[in-house]
file run11.csv (CSV, C-alpha atoms and all ligand atoms)
chain,number,residue,atom,x,y,z
A,123,MET,CA,-27.6,-16.0,1.8
A,124,ALA,CA,-25.8,-16.4,-1.6
A,125,LYS,CA,-24.5,-19.9,-2.1
A,126,PHE,CA,-21.1,-20.5,-3.6
A,127,ARG,CA,-19.6,-24.0,-4.2
A,128,ARG,CA,-16.1,-22.8,-4.8
A,129,ILE,CA,-14.3,-19.5,-4.6
A,130,GLY,CA,-10.8,-18.4,-5.8
A,131,VAL,CA,-8.3,-16.2,-3.9
A,132,LEU,CA,-5.4,-14.4,-5.4
A,133,THR,CA,-2.7,-11.8,-4.4
A,134,SER,CA,-1.7,-9.2,-7.0
A,135,GLY,CA,0.6,-6.2,-7.3
A,136,GLY,CA,3.4,-5.6,-4.8
A,137,ASP,CA,3.4,-8.2,-2.1
A,138,ALA,CA,2.8,-7.1,1.5
A,139,PRO,CA,3.4,-8.7,4.9
A,140,GLY,CA,0.0,-10.0,6.1
A,141,MET,CA,-1.1,-11.3,2.7
A,142,ASN,CA,-0.6,-14.8,4.0
A,143,ALA,CA,-2.7,-14.1,7.0
A,144,ALA,CA,-5.5,-12.8,4.7
A,145,ILE,CA,-5.3,-15.9,2.5
A,146,ARG,CA,-5.5,-18.1,5.6
A,147,ALA,CA,-8.6,-16.2,7.0
A,148,ILE,CA,-10.4,-16.3,3.6
A,149,THR,CA,-9.7,-20.0,3.3
A,150,ARG,CA,-10.7,-20.9,6.8
A,151,LYS,CA,-13.8,-18.8,6.8
A,152,ALA,CA,-15.0,-20.2,3.4
A,153,LEU,CA,-14.3,-23.8,4.4
A,154,GLU,CA,-16.3,-23.3,7.6
A,155,GLN,CA,-19.2,-22.4,5.3
A,156,ASN,CA,-18.6,-25.5,3.2
A,157,ILE,CA,-17.2,-23.5,0.3
A,158,GLU,CA,-14.2,-24.9,-1.4
A,159,VAL,CA,-11.2,-22.6,-2.1
A,160,MET,CA,-8.8,-22.5,-5.0
A,161,GLY,CA,-5.6,-20.5,-4.7
A,162,ILE,CA,-4.8,-18.7,-7.9
A,163,LEU,CA,-1.0,-18.6,-8.3
A,164,GLY,CA,0.8,-15.4,-9.4
A,165,GLY,CA,-2.1,-12.9,-9.3
A,166,TYR,CA,-4.3,-12.5,-12.3
A,167,SER,CA,-1.7,-14.2,-14.6
A,168,GLY,CA,-2.5,-17.4,-12.7
A,169,LEU,CA,-6.1,-17.2,-14.1
A,170,LEU,CA,-4.7,-16.7,-17.6
A,171,GLN,CA,-2.2,-19.6,-17.3
A,172,GLU,CA,-4.6,-21.9,-15.3
A,173,LYS,CA,-2.3,-22.1,-12.3
A,174,LEU,CA,-4.5,-23.0,-9.5
A,175,VAL,CA,-4.2,-25.1,-6.4
A,176,PRO,CA,-6.9,-26.3,-3.9
A,177,LEU,CA,-6.5,-24.6,-0.5
A,178,THR,CA,-7.3,-26.7,2.5
A,179,THR,CA,-7.2,-26.0,6.2
A,180,GLY,CA,-3.9,-27.8,6.3
A,181,SER,CA,-2.4,-25.9,3.3
A,182,VAL,CA,-2.9,-22.6,5.0
A,183,SER,CA,-1.6,-23.8,8.3
A,184,ASN,CA,1.5,-22.2,9.7
A,185,ILE,CA,1.5,-19.3,7.3
A,186,ILE,CA,-0.1,-16.5,9.4
A,187,GLN,CA,3.3,-15.4,10.6
A,188,LEU,CA,5.0,-15.4,7.2
A,189,GLY,CA,5.9,-12.4,5.0
A,190,GLY,CA,5.5,-12.4,1.2
A,191,THR,CA,2.6,-14.3,-0.3
A,192,LYS,CA,2.3,-18.1,-0.6
A,193,LEU,CA,0.2,-17.5,-3.7
A,194,TYR,CA,2.9,-15.4,-5.3
A,195,SER,CA,2.2,-12.1,-7.0
A,196,ASP,CA,2.4,-10.4,-10.4
A,197,ARG,CA,1.4,-7.3,-12.3
A,198,CYS,CA,-0.4,-8.8,-15.3
A,199,ILE,CA,-0.6,-6.6,-18.4
A,200,GLU,CA,-2.4,-9.2,-20.5
A,201,PHE,CA,-5.3,-9.4,-18.0
A,202,GLN,CA,-6.1,-5.7,-18.9
A,203,THR,CA,-6.9,-6.7,-22.5
A,204,GLU,CA,-10.3,-8.1,-23.5
A,205,ALA,CA,-8.6,-11.3,-24.8
A,206,GLY,CA,-6.9,-11.7,-21.4
A,207,MET,CA,-10.2,-11.2,-19.6
A,208,GLN,CA,-11.9,-13.8,-21.7
A,209,LYS,CA,-9.1,-16.3,-20.8
A,210,ALA,CA,-9.6,-15.5,-17.1
A,211,ILE,CA,-13.4,-16.0,-17.4
A,212,ASN,CA,-12.9,-19.3,-19.2
A,213,THR,CA,-10.6,-20.5,-16.4
A,214,CYS,CA,-13.2,-19.6,-13.8
A,215,LYS,CA,-15.8,-21.5,-15.7
A,216,LYS,CA,-13.5,-24.5,-16.3
A,217,TYR,CA,-12.6,-24.7,-12.6
A,218,GLU,CA,-16.1,-23.8,-11.5
A,219,ILE,CA,-15.0,-20.8,-9.5
A,220,ASP,CA,-18.1,-18.8,-8.6
A,221,ALA,CA,-16.4,-15.8,-7.0
A,222,ILE,CA,-13.0,-14.4,-6.3
A,223,VAL,CA,-11.3,-12.5,-3.4
A,224,ALA,CA,-8.4,-10.4,-4.7
A,225,ILE,CA,-5.9,-9.0,-2.2
A,226,GLY,CA,-3.8,-6.1,-3.3
A,227,GLY,CA,-3.8,-2.3,-4.1
A,228,ASP,CA,-5.5,-0.1,-6.7
A,229,GLY,CA,-4.4,-2.1,-9.7
A,230,THR,CA,-5.8,-5.2,-8.2
A,231,PHE,CA,-9.1,-3.6,-7.6
A,232,ARG,CA,-9.4,-2.4,-11.2
A,233,GLY,CA,-9.0,-6.1,-12.2
A,234,ALA,CA,-11.6,-7.1,-9.6
A,235,THR,CA,-14.2,-4.7,-11.1
A,236,ASP,CA,-13.6,-6.0,-14.6
A,237,LEU,CA,-14.1,-9.6,-13.3
A,238,THR,CA,-17.4,-8.6,-11.6
A,239,LEU,CA,-18.5,-6.9,-14.8
A,240,HIS,CA,-17.8,-10.1,-16.7
A,241,GLY,CA,-19.9,-12.1,-14.3
A,242,ILE,CA,-17.5,-13.3,-11.6
A,243,PRO,CA,-18.4,-11.6,-8.3
A,244,THR,CA,-15.2,-10.2,-6.8
A,245,ILE,CA,-14.3,-8.6,-3.5
A,246,GLY,CA,-11.0,-6.7,-3.0
A,247,VAL,CA,-9.0,-6.8,0.2
A,248,THR,CA,-6.6,-3.9,0.7
A,249,GLY,CA,-3.0,-5.2,0.9
A,250,THR,CA,-0.1,-3.0,0.1
A,251,ILE,CA,2.7,-1.5,2.2
A,252,ASP,CA,2.0,2.0,0.7
A,253,ASN,CA,-1.3,2.7,2.5
A,254,ASP,CA,-2.2,4.6,-0.6
A,255,VAL,CA,-5.8,3.6,-1.1
A,256,THR,CA,-7.5,6.8,-0.2
A,257,ALA,CA,-10.8,5.3,1.0
A,258,THR,CA,-9.3,3.2,3.7
A,259,ASP,CA,-7.5,4.3,6.9
A,260,TYR,CA,-5.2,1.3,6.6
A,261,THR,CA,-3.8,-1.3,4.1
A,262,VAL,CA,-2.4,-4.6,5.2
A,263,GLY,CA,1.4,-4.5,5.3
A,264,PHE,CA,1.8,-0.8,6.2
A,265,ASP,CA,2.6,-1.4,9.8
A,266,THR,CA,5.2,-4.1,9.2
A,267,ALA,CA,6.9,-2.0,6.5
A,268,MET,CA,7.1,0.9,8.9
A,269,ASN,CA,8.5,-1.2,11.7
A,270,THR,CA,11.1,-2.5,9.3
A,271,VAL,CA,12.1,1.1,8.4
A,272,VAL,CA,12.3,2.0,12.1
A,273,GLU,CA,14.5,-0.9,12.9
A,274,ALA,CA,16.8,-0.1,9.9
A,275,VAL,CA,17.0,3.6,10.8
A,276,ASP,CA,17.8,2.8,14.5
A,277,ARG,CA,20.8,0.8,13.2
A,278,LEU,CA,21.9,3.6,10.9
A,279,ARG,CA,21.6,6.0,13.8
A,280,ASP,CA,24.1,4.0,15.7
A,281,THR,CA,26.7,4.5,13.0
A,282,CYS,CA,25.8,8.1,12.3
A,283,GLU,CA,26.3,8.9,15.9
A,284,SER,CA,29.7,7.2,16.0
A,285,HIS,CA,31.0,9.0,13.0
A,286,ALA,CA,29.0,12.3,13.4
A,287,ARG,CA,27.4,11.8,10.0
A,288,ILE,CA,24.0,12.3,8.4
A,289,ASN,CA,22.0,9.5,6.7
A,290,VAL,CA,19.4,10.4,4.1
A,291,ILE,CA,17.2,7.3,3.9
A,292,GLU,CA,14.8,6.7,1.1
A,293,VAL,CA,11.8,4.5,1.7
A,294,MET,CA,9.2,3.1,-0.6
A,295,GLY,CA,5.6,4.2,-0.9
A,296,ARG,CA,5.2,5.0,-4.6
A,297,ASP,CA,3.4,8.4,-4.8
A,298,CYS,CA,2.3,8.2,-1.2
A,299,GLY,CA,4.6,9.6,1.6
A,300,GLN,CA,2.9,8.0,4.6
A,301,ILE,CA,5.6,5.5,5.3
A,302,ALA,CA,8.2,8.2,5.2
A,303,LEU,CA,6.1,10.6,7.2
A,304,MET,CA,5.3,8.3,10.1
A,305,THR,CA,8.7,6.7,10.3
A,306,GLY,CA,10.3,10.1,10.1
A,307,ILE,CA,8.3,11.0,13.3
A,308,ALA,CA,9.0,7.7,15.0
A,309,THR,CA,12.8,7.9,14.3
A,310,GLY,CA,13.1,11.6,15.2
A,311,ALA,CA,14.3,12.5,11.7
A,312,ARG,CA,15.8,16.0,11.3
A,313,ALA,CA,13.8,16.4,8.1
A,314,VAL,CA,11.0,14.5,6.3
A,315,CYS,CA,10.4,14.9,2.6
A,316,ILE,CA,7.2,13.5,1.0
A,317,PRO,CA,5.4,14.0,-2.3
A,318,GLU,CA,2.3,15.4,-0.7
A,319,MET,CA,4.0,18.5,0.9
A,320,PRO,CA,6.3,21.1,-0.5
A,321,PHE,CA,9.8,20.5,0.9
A,322,ASP,CA,11.8,23.5,2.2
A,323,GLU,CA,15.4,22.5,1.6
A,324,ASP,CA,16.8,25.7,3.0
A,325,LEU,CA,14.9,25.2,6.3
A,326,ALA,CA,16.2,21.6,6.5
A,327,ILE,CA,19.8,22.8,6.0
A,328,LYS,CA,19.2,25.5,8.6
A,329,ASN,CA,17.9,23.0,11.1
A,330,ILE,CA,20.8,20.6,10.5
A,331,LYS,CA,23.3,23.4,11.0
A,332,ARG,CA,21.6,24.5,14.2
A,333,ALA,CA,21.5,21.0,15.6
A,334,ARG,CA,25.2,20.5,14.8
A,335,ALA,CA,26.0,23.9,16.5
A,336,ASN,CA,24.1,22.6,19.5
A,337,GLY,CA,26.4,19.5,19.7
A,338,LYS,CA,24.2,17.0,17.8
A,339,ARG,CA,26.4,14.4,16.1
A,340,GLY,CA,24.3,11.9,14.1
A,341,MET,CA,21.2,12.9,12.2
A,342,VAL,CA,18.8,11.2,9.9
A,343,VAL,CA,16.6,12.6,7.1
A,344,ILE,CA,13.8,10.4,5.7
A,345,ILE,CA,12.6,10.9,2.2
A,346,SER,CA,9.9,9.1,0.2
A,347,GLU,CA,10.8,7.5,-3.1
A,348,GLY,CA,8.0,9.5,-4.8
A,349,VAL,CA,9.9,12.8,-4.6
A,350,PHE,CA,11.7,13.9,-7.7
A,351,THR,CA,13.8,16.7,-9.0
A,352,THR,CA,15.5,17.5,-12.3
A,353,ASP,CA,19.2,17.0,-12.9
A,354,ALA,CA,21.6,19.3,-14.9
A,355,ASN,CA,20.3,17.8,-18.2
A,356,GLY,CA,16.7,18.3,-17.3
A,357,ASN,CA,16.0,14.7,-16.5
A,358,ARG,CA,13.6,13.7,-13.8
A,359,VAL,CA,15.6,12.0,-11.1
A,360,PRO,CA,14.8,10.8,-7.5
A,361,TYR,CA,15.5,13.6,-5.1
A,362,GLY,CA,16.9,11.5,-2.2
A,363,GLU,CA,20.4,11.1,-3.6
A,364,VAL,CA,20.6,14.7,-4.7
A,365,LEU,CA,19.5,15.9,-1.3
A,366,ALA,CA,22.2,13.9,0.4
A,367,GLU,CA,24.8,15.5,-1.9
A,368,ARG,CA,23.4,19.0,-1.2
A,369,ILE,CA,23.3,18.5,2.5
A,370,GLU,CA,27.0,17.5,2.5
A,371,GLU,CA,27.9,20.4,0.3
A,372,ARG,CA,25.9,23.0,2.2
A,373,THR,CA,26.6,21.9,5.8
A,374,GLY,CA,30.1,20.3,5.4
A,375,ILE,CA,28.8,17.3,7.3
A,376,ALA,CA,29.6,13.9,5.9
A,377,THR,CA,26.3,12.5,4.5
A,378,ARG,CA,25.5,9.0,3.2
A,379,PHE,CA,22.5,8.0,1.1
A,380,VAL,CA,20.6,4.8,1.8
A,381,ARG,CA,17.8,3.3,-0.2
A,382,LEU,CA,15.9,0.7,1.7
A,383,ALA,CA,13.8,-0.3,-1.3
A,384,HIS,CA,12.3,-3.8,-1.2
A,385,VAL,CA,13.9,-4.7,2.2
A,386,ILE,CA,10.8,-3.0,3.8
A,387,ARG,CA,8.4,-5.2,1.8
A,388,GLY,CA,9.6,-8.5,3.4
A,389,GLY,CA,9.5,-9.9,6.9
A,390,ASN,CA,7.1,-11.4,9.3
A,391,PRO,CA,3.9,-9.4,9.7
A,392,THR,CA,3.3,-7.5,12.9
A,393,LEU,CA,0.3,-8.2,15.1
A,394,ARG,CA,-1.5,-5.2,13.5
A,395,ASP,CA,-1.1,-6.7,10.1
A,396,ARG,CA,-2.0,-10.2,11.0
A,397,LEU,CA,-5.1,-9.0,12.9
A,398,THR,CA,-6.3,-6.6,10.2
A,399,ALA,CA,-5.6,-9.2,7.5
A,400,THR,CA,-7.7,-11.7,9.3
A,401,ARG,CA,-10.5,-9.3,9.9
A,402,MET,CA,-10.5,-8.1,6.3
A,403,GLY,CA,-10.2,-11.6,4.9
A,404,ALA,CA,-13.2,-12.9,6.9
A,405,LYS,CA,-15.2,-9.9,6.0
A,406,ALA,CA,-14.6,-10.5,2.3
A,407,VAL,CA,-16.1,-14.0,2.6
A,408,GLU,CA,-19.1,-12.6,4.6
A,409,LEU,CA,-19.8,-10.0,1.9
A,410,LEU,CA,-19.8,-12.7,-0.8
A,411,LEU,CA,-22.2,-14.8,1.3
A,412,GLU,CA,-24.5,-11.7,1.6
A,413,GLY,CA,-24.6,-11.7,-2.2
A,414,LYS,CA,-22.5,-8.7,-2.5
A,415,SER,CA,-19.7,-8.0,-5.0
A,416,ASN,CA,-17.5,-5.4,-6.5
A,417,LEU,CA,-16.7,-4.1,-3.1
A,418,VAL,CA,-13.4,-3.4,-1.4
A,419,VAL,CA,-12.9,-4.2,2.2
A,420,LEU,CA,-11.6,-1.2,4.2
A,421,GLU,CA,-10.8,0.0,7.7
A,422,GLU,CA,-12.6,3.1,8.8
A,423,ASP,CA,-12.1,4.5,12.3
A,424,GLY,CA,-11.1,1.0,13.6
A,425,LYS,CA,-14.1,-0.8,12.0
A,426,ILE,CA,-13.9,-3.1,9.1
A,427,THR,CA,-16.3,-1.8,6.4
A,428,SER,CA,-16.6,-2.0,2.6
A,429,MET,CA,-17.2,0.3,-0.3
A,430,ASP,CA,-18.0,0.0,-4.0
A,431,ILE,CA,-14.7,-0.5,-5.8
A,432,VAL,CA,-15.4,2.0,-8.5
A,433,PHE,CA,-16.4,4.6,-5.9
A,434,ALA,CA,-13.1,3.9,-4.0
A,435,LEU,CA,-11.0,4.1,-7.2
A,436,THR,CA,-12.7,7.3,-8.2
A,437,THR,CA,-12.1,8.8,-4.8
A,438,ASP,CA,-8.5,7.8,-5.1
A,439,ARG,CA,-8.1,9.6,-8.4
A,440,MET,CA,-9.8,12.6,-6.9
A,441,TYR,CA,-7.3,12.7,-4.1
A,442,LYS,CA,-4.4,12.2,-6.4
A,443,ASN,CA,-5.7,14.9,-8.9
A,444,LYS,CA,-6.0,12.2,-11.6
A,445,LEU,CA,-9.7,12.4,-12.3
A,446,LYS,CA,-10.5,11.5,-15.9
A,447,ASP,CA,-13.3,13.2,-18.0
A,448,GLY,CA,-16.6,11.7,-17.1
A,449,ASP,CA,-15.3,10.0,-13.9
A,450,LEU,CA,-17.9,11.8,-11.7
A,451,ASP,CA,-20.8,11.6,-14.2
A,452,ARG,CA,-22.4,8.6,-12.6
A,453,TYR,CA,-22.4,10.1,-9.1
A,454,ASN,CA,-24.9,12.4,-7.5
A,455,GLU,CA,-24.1,15.5,-5.4
A,456,ASP,CA,-24.1,13.7,-2.1
A,457,GLU,CA,-21.8,11.0,-3.4
A,458,ILE,CA,-19.3,13.5,-4.7
A,459,LYS,CA,-19.5,15.3,-1.4
A,460,GLN,CA,-18.7,12.0,0.3
A,461,MET,CA,-15.7,11.5,-1.9
A,462,LYS,CA,-14.5,15.1,-1.2
A,463,ALA,CA,-14.9,14.5,2.5
A,464,ILE,CA,-12.7,11.4,2.4
A,465,CYS,CA,-10.0,13.4,0.5
A,466,VAL,CA,-10.2,16.3,2.9
A,467,LYS,CA,-9.8,13.8,5.8
A,468,ARG,CA,-6.7,12.2,4.3
A,469,ARG,CA,-5.1,15.6,3.4
A,470,ALA,CA,-5.7,16.9,7.0
A,471,GLU,CA,-4.1,13.8,8.5
A,472,ILE,CA,-1.0,14.2,6.3
A,473,GLU,CA,-0.8,18.0,7.1
A,474,GLU,CA,-1.2,17.4,10.9
A,475,LEU,CA,1.5,14.7,10.9
A,476,TYR,CA,3.9,16.7,8.7
A,477,LYS,CA,3.6,19.6,11.1
A,478,LEU,CA,4.3,17.3,14.0
A,479,ALA,CA,7.4,15.9,12.3
A,480,TYR,CA,8.8,19.5,12.2
A,481,ASP,CA,7.5,20.7,15.5
A,482,CYS,CA,9.0,17.8,17.4
A,483,GLN,CA,12.3,17.2,15.7
B,1,LIG,O1,3.3,-0.8,-4.2
B,1,LIG,C1,4.3,-1.4,-3.4
B,1,LIG,C2,5.6,-1.0,-3.9
B,1,LIG,O2,6.6,-1.6,-3.1
B,1,LIG,C3,5.9,0.5,-4.0
B,1,LIG,O3,6.2,1.1,-2.7
B,1,LIG,C4,7.0,0.6,-4.9
B,1,LIG,O4,7.0,1.9,-5.6
B,1,LIG,C5,6.7,-0.5,-5.9
B,1,LIG,O5,5.8,-1.4,-5.2
B,1,LIG,C6,7.8,-1.2,-6.4
B,1,LIG,O6,7.4,-2.1,-7.4
B,1,LIG,P1,8.2,-3.4,-7.9
B,1,LIG,O7,8.2,-4.4,-6.8
B,1,LIG,O8,7.6,-3.8,-9.1
B,1,LIG,O9,9.7,-2.9,-8.1
call {"tool": "encode", "arguments": {"input": "run11.csv", "output": "structure tokens", "more": "lines below"}}
Ligand code: F6P
result
Amino acid sequence: MAKFRRIGVLTSGGDAPGMNAAIRAITRKALEQNIEVMGILGGYSGLLQEKLVPLTTGSVSNIIQLGGTKLYSDRCIEFQTEAGMQKAINTCKKYEIDAIVAIGGDGTFRGATDLTLHGIPTIGVTGTIDNDVTATDYTVGFDTAMNTVVEAVDRLRDTCESHARINVIEVMGRDCGQIALMTGIATGARAVCIPEMPFDEDLAIKNIKRARANGKRGMVVIISEGVFTTDANGNRVPYGEVLAERIEERTGIATRFVRLAHVIRGGNPTLRDRLTATRMGAKAVELLLEGKSNLVVLEEDGKITSMDIVFALTTDRMYKNKLKDGDLDRYNEDEIKQMKAICVKRRAEIEELYKLAYDCQ
């Protein structure tokens, strides 16, 4: 069993409900093994600016239920430079931090790999509302964000119904449409629009007109923020607002556009997020104790597992058609097959749910 005297924990990138539960689990699990824990404030920039606080059993008490992140978060550009990395390593040496657990999304994991390469064993825990890390079934924060969307849409429905209007509701998710897709199903949306699937505007209009002809008063359409179109000047603009205007024009039904934006990133984590965060946080410490590093903690078919970070990031790029030259050079045929299988699984899940969203509207 690898022996660490002190580890660091940080949260980086967009915050997500459940990050506090993960911080708590990592701290409690490490302390139980007589490992000290330092909280690094503000993500990787906390390492650069030497902003660290000791975490104790008491300091992580009463946070499991809180949204946001007690350790604060940041997207740190300087950390991506060699000079920034050197500063980070010096901080780790100065504060005798033997290893780090980094909670966040793909940007966070790139940083984690760099730290490992520079001699600080690092483990990633998937925390982002987007659920956009291809290798995992689930990222901490996803469930809470979706429940917040459902609650907001239910409220909008009330007023849509009263006024016989349509609401086009845009939800976050960056390039990933999973929040929009699943909440679209759960709120009975008349149409769902996500970046992963071609959107048939004519069909959506036809469905809306048909529903109205059948007496339906209020209707909602859910769209992901990652869907774009071009305006009259050829500029790339988010499609949501444009779609709302077109629906009103083409159906004659009063239509309002709502952007939920960061509202869905806050709030108390659901049971699902608290539980998964706790399981993943504890697993991260276990992996370090087993002498492992450069791994990301994942959920696969209900089990908490782990995968090499670079493998996970490469799979991610494969899924998003963003592979760079040479990305696959280090992998053998079986490994590439494994990556492809993960991408096929994700794609199939999206296609199945998308069909369901239209079959059951
Ligand atoms: O990755 C989480 C996320 O909330 C995305 O859904 C969204 O596109 C992005 O972060 C927003 O980033 P910021 O908080 O920097 O505006």
call {"tool": "residues_around", "arguments": {"input": "run11.csv", "residues": "A:Gly403", "least_positions_apart": "2", "cutoff": "10 Å", "atoms": "only C-alpha atoms", "output": "list in words"}}
result
Met141, Ala143, Ala144, Ile145, Arg146, Ala147, Ile148, Thr149, Arg150, Lys151, Ala152, Val223, Ala224, Ile225, Ile245, Gly246, Val247, Thr248, Leu397, Thr398, Ala399, Thr400, Arg401, Lys405, Ala406, Val407, Glu408 and Val419 of chain A
call {"tool": "atom_distance", "arguments": {"input": "run11.csv", "atom1": "atom CA of A:Cys465", "atom2": "atom C1 of ligand LIG 1 (chain B)"}}
result
20.9 Å
call {"tool": "residues_near_point", "arguments": {"input": "run11.csv", "point": "(21.8, 11.9, -4.1)", "cutoff": "12 Å", "atoms": "only C-alpha atoms", "output": "number ranges by chain"}}
result
A: 289-292, 345, 347, 349-353, 359-371, 377-381
call {"tool": "atom_distance", "arguments": {"input": "run11.csv", "atom1": "atom CA of A:Met341", "atom2": "atom CA of A:Glu473"}}
result
23.2 Å
call {"tool": "closest_atom_pairs", "arguments": {"input": "run11.csv", "of": "chain A", "to": "ligand LIG 1 (chain B)", "cutoff": "9 Å", "atoms": "all atoms listed in the file", "output": "CSV"}}
result
residue,atom,partner,partner_atom,distance
A:Gly135,CA,B:LIG1,O1,6.8
A:Gly136,CA,B:LIG1,C1,4.5
A:Asp137,CA,B:LIG1,C1,7.0
A:Ala138,CA,B:LIG1,C1,7.7
A:Asp196,CA,B:LIG1,O8,8.5
A:Arg197,CA,B:LIG1,O8,7.8
A:Gly226,CA,B:LIG1,O1,8.9
A:Gly227,CA,B:LIG1,O1,7.3
A:Thr250,CA,B:LIG1,C1,5.8
A:Ile251,CA,B:LIG1,C1,5.8
A:Asp252,CA,B:LIG1,O3,5.5
A:Asn253,CA,B:LIG1,O1,8.8
A:Asp254,CA,B:LIG1,O1,8.5
A:Val293,CA,B:LIG1,O3,7.9
A:Met294,CA,B:LIG1,O3,4.2
A:Gly295,CA,B:LIG1,O3,3.6
A:Arg296,CA,B:LIG1,O4,3.7
A:Asp297,CA,B:LIG1,O4,7.5
A:Cys298,CA,B:LIG1,O3,8.2
A:Glu347,CA,B:LIG1,O4,7.2
A:Gly348,CA,B:LIG1,O4,7.7
A:Ala383,CA,B:LIG1,O2,7.5
A:His384,CA,B:LIG1,O2,6.4
A:Ile386,CA,B:LIG1,O2,8.2
A:Arg387,CA,B:LIG1,O2,6.3
